[in-house]
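Presented below is the structure to which this report refers.
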Amino acid sequence: MDMFLIKTPSDAVSVRQQGREIAKKIGFGTVDQTRIAFTISELAMQLVDSPAQGHMVIKAINRNKLELGIEVRLYDHETGAKRWDSDWMNKWVDDLEVKHDDTRGTTITFRRWLPPSYGYERQAGPSVLAAGEE
């Protein structure tokens, strides 16, 4: 798990690069790495523009001990009116949660899961025999 404080545009660049590296280590392809990095970058730049700033946490996750993915959690420390439009993210992520609290700010969590592996062929079990074998 990596945590990043976002105050400047260079912080946004750094968190985007780290998010891409984490996605690569998990096993995401180039296209998904780019989508993840883009989403992280867009969220980070919105934090830079906020007077209260915020931070992000990026980590590798697994579901059902079989599926691997990445989780990015943004914490916007700005309190008051809800200012996040997250509708654009729906096409870039698999799971999206947005929670707003007037005293704590906004938390946005998104997850992207590795696509299922198609490389494993089903193999015949020991009870399946060719004709004439016993």
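Letters for chains follow the order of the structure tokens (A, B, ...), residue numbers begin at 1 for each chain, and ligand numbers begin at 1 in the order shown.
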message: If we count only C-alpha atoms and set the cut-off at 7 Å, which residues sit around A:Gln33, ignoring sequence neighbours fewer than 4 positions away in its own chain? Please answer as a list in words.
response: Arg20, Ala23, Lys24, Phe28, Gly29 and Ala37 of chain A
Go ahead and write the selection's residues with N, CA and C atoms as a PDB file, in the first residue's frame.
ATOM      1  N   ARG A  20       0.699   3.523 -12.261  1.00  0.00           N
ATOM      2  CA  ARG A  20       0.987   2.728 -13.455  1.00  0.00           C
ATOM      3  C   ARG A  20       1.935   1.577 -13.113  1.00  0.00           C
ATOM      4  N   ALA A  23       0.072  -1.123 -11.229  1.00  0.00           N
ATOM      5  CA  ALA A  23      -0.782  -1.859 -12.174  1.00  0.00           C
ATOM      6  C   ALA A  23       0.049  -2.822 -13.026  1.00  0.00           C
ATOM      7  N   LYS A  24       1.225  -2.389 -13.428  1.00  0.00           N
ATOM      8  CA  LYS A  24       2.103  -3.243 -14.235  1.00  0.00           C
ATOM      9  C   LYS A  24       2.565  -4.460 -13.433  1.00  0.00           C
ATOM     10  N   PHE A  28      -1.524  -6.006 -15.226  1.00  0.00           N
ATOM     11  CA  PHE A  28      -2.381  -5.338 -16.194  1.00  0.00           C
ATOM     12  C   PHE A  28      -1.620  -5.085 -17.481  1.00  0.00           C
ATOM     13  N   GLY A  29      -2.329  -5.163 -18.599  1.00  0.00           N
ATOM     14  CA  GLY A  29      -1.750  -4.864 -19.900  1.00  0.00           C
ATOM     15  C   GLY A  29      -1.572  -3.359 -20.071  1.00  0.00           C
ATOM     16  N   ALA A  37      -3.792   4.877 -14.963  1.00  0.00           N
ATOM     17  CA  ALA A  37      -2.958   6.069 -14.784  1.00  0.00           C
ATOM     18  C   ALA A  37      -3.736   7.334 -15.116  1.00  0.00           C
TER      19      ALA A  37
END
Alpha helix (DSSP H) residues, from DSSP on the backbone, in chain A, as a ChimeraX atom specification: /A:9-26,30-48
- prompt: What's the 10 Å shell around A:Val57, counting only C-alpha atoms, without same-chain residues fewer than 2 positions away, as an MDAnalysis selection string?
  reply: chainID A and resid 1:5 15 19 55 59 71:75 109
field: Shell around A:Thr103 at 10 Å using only C-alpha atoms, local window under 2 positions removed, as a count of residues only
entry: 8
Residues of stretch 74-115 of chain A in strand (DSSP E), written as a list in words: Leu74, Tyr75, Asp76, Asp95, Leu96, Glu97, Val98, Lys99, His100, Asp101, Gly105, Thr106, Thr107, Ile108, Thr109, Phe110, Arg111, Arg112 and Trp113 of chain A
query: atom CA of A:Asp49 and atom CA of A:Ile22 are how many Å apart?
result: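 So the two atoms, atom CA of A:Asp49 and atom CA of A:Ile22, lie 25.1 Å apart.
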task: Return the single residue from A:Lys7, A:Ile70, A:Ser14, A:Asp87 that is closest to A:Gln46, with distances computed using only C-alpha atoms.
output: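 Smallest separation from A:Gln46 among the options: A:Lys7.
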query: If we count only C-alpha atoms, what is near A:Met45 at a cut-off of 12 Å, once residues fewer than 6 positions away on the same chain are taken out, given as a ChimeraX atom specification?
result: /A:5-16,38-39,53-56,74,76
Atoms to include: C-alpha atoms. Write the selected residues as a compact mmCIF listing (two decimals), in the first residue's frame.
# COMPACT_ATOMS: atom_id res chain seq x y z
CA LEU A 5 -0.10 13.56 -0.35
CA ILE A 6 -1.30 15.66 -3.28
CA LYS A 7 -0.38 19.37 -3.15
CA THR A 8 1.30 20.22 -6.45
CA PRO A 9 1.12 19.16 -10.11
CA SER A 10 4.39 17.27 -9.63
CA ASP A 11 2.68 15.23 -6.87
CA ALA A 12 -0.04 14.36 -9.39
CA VAL A 13 2.58 13.22 -11.91
CA SER A 14 4.32 11.12 -9.26
CA VAL A 15 1.13 9.39 -8.09
CA ARG A 16 0.14 8.68 -11.72
CA PHE A 38 -5.35 8.46 -16.55
CA THR A 39 -8.02 8.07 -13.87
CA GLN A 53 -5.88 19.26 -0.98
CA GLY A 54 -5.99 15.62 0.04
CA HIS A 55 -4.26 12.30 -0.39
CA MET A 56 -4.51 9.02 -2.28
CA LEU A 74 -8.89 9.37 -2.84
CA ASP A 76 -10.51 15.04 -0.45
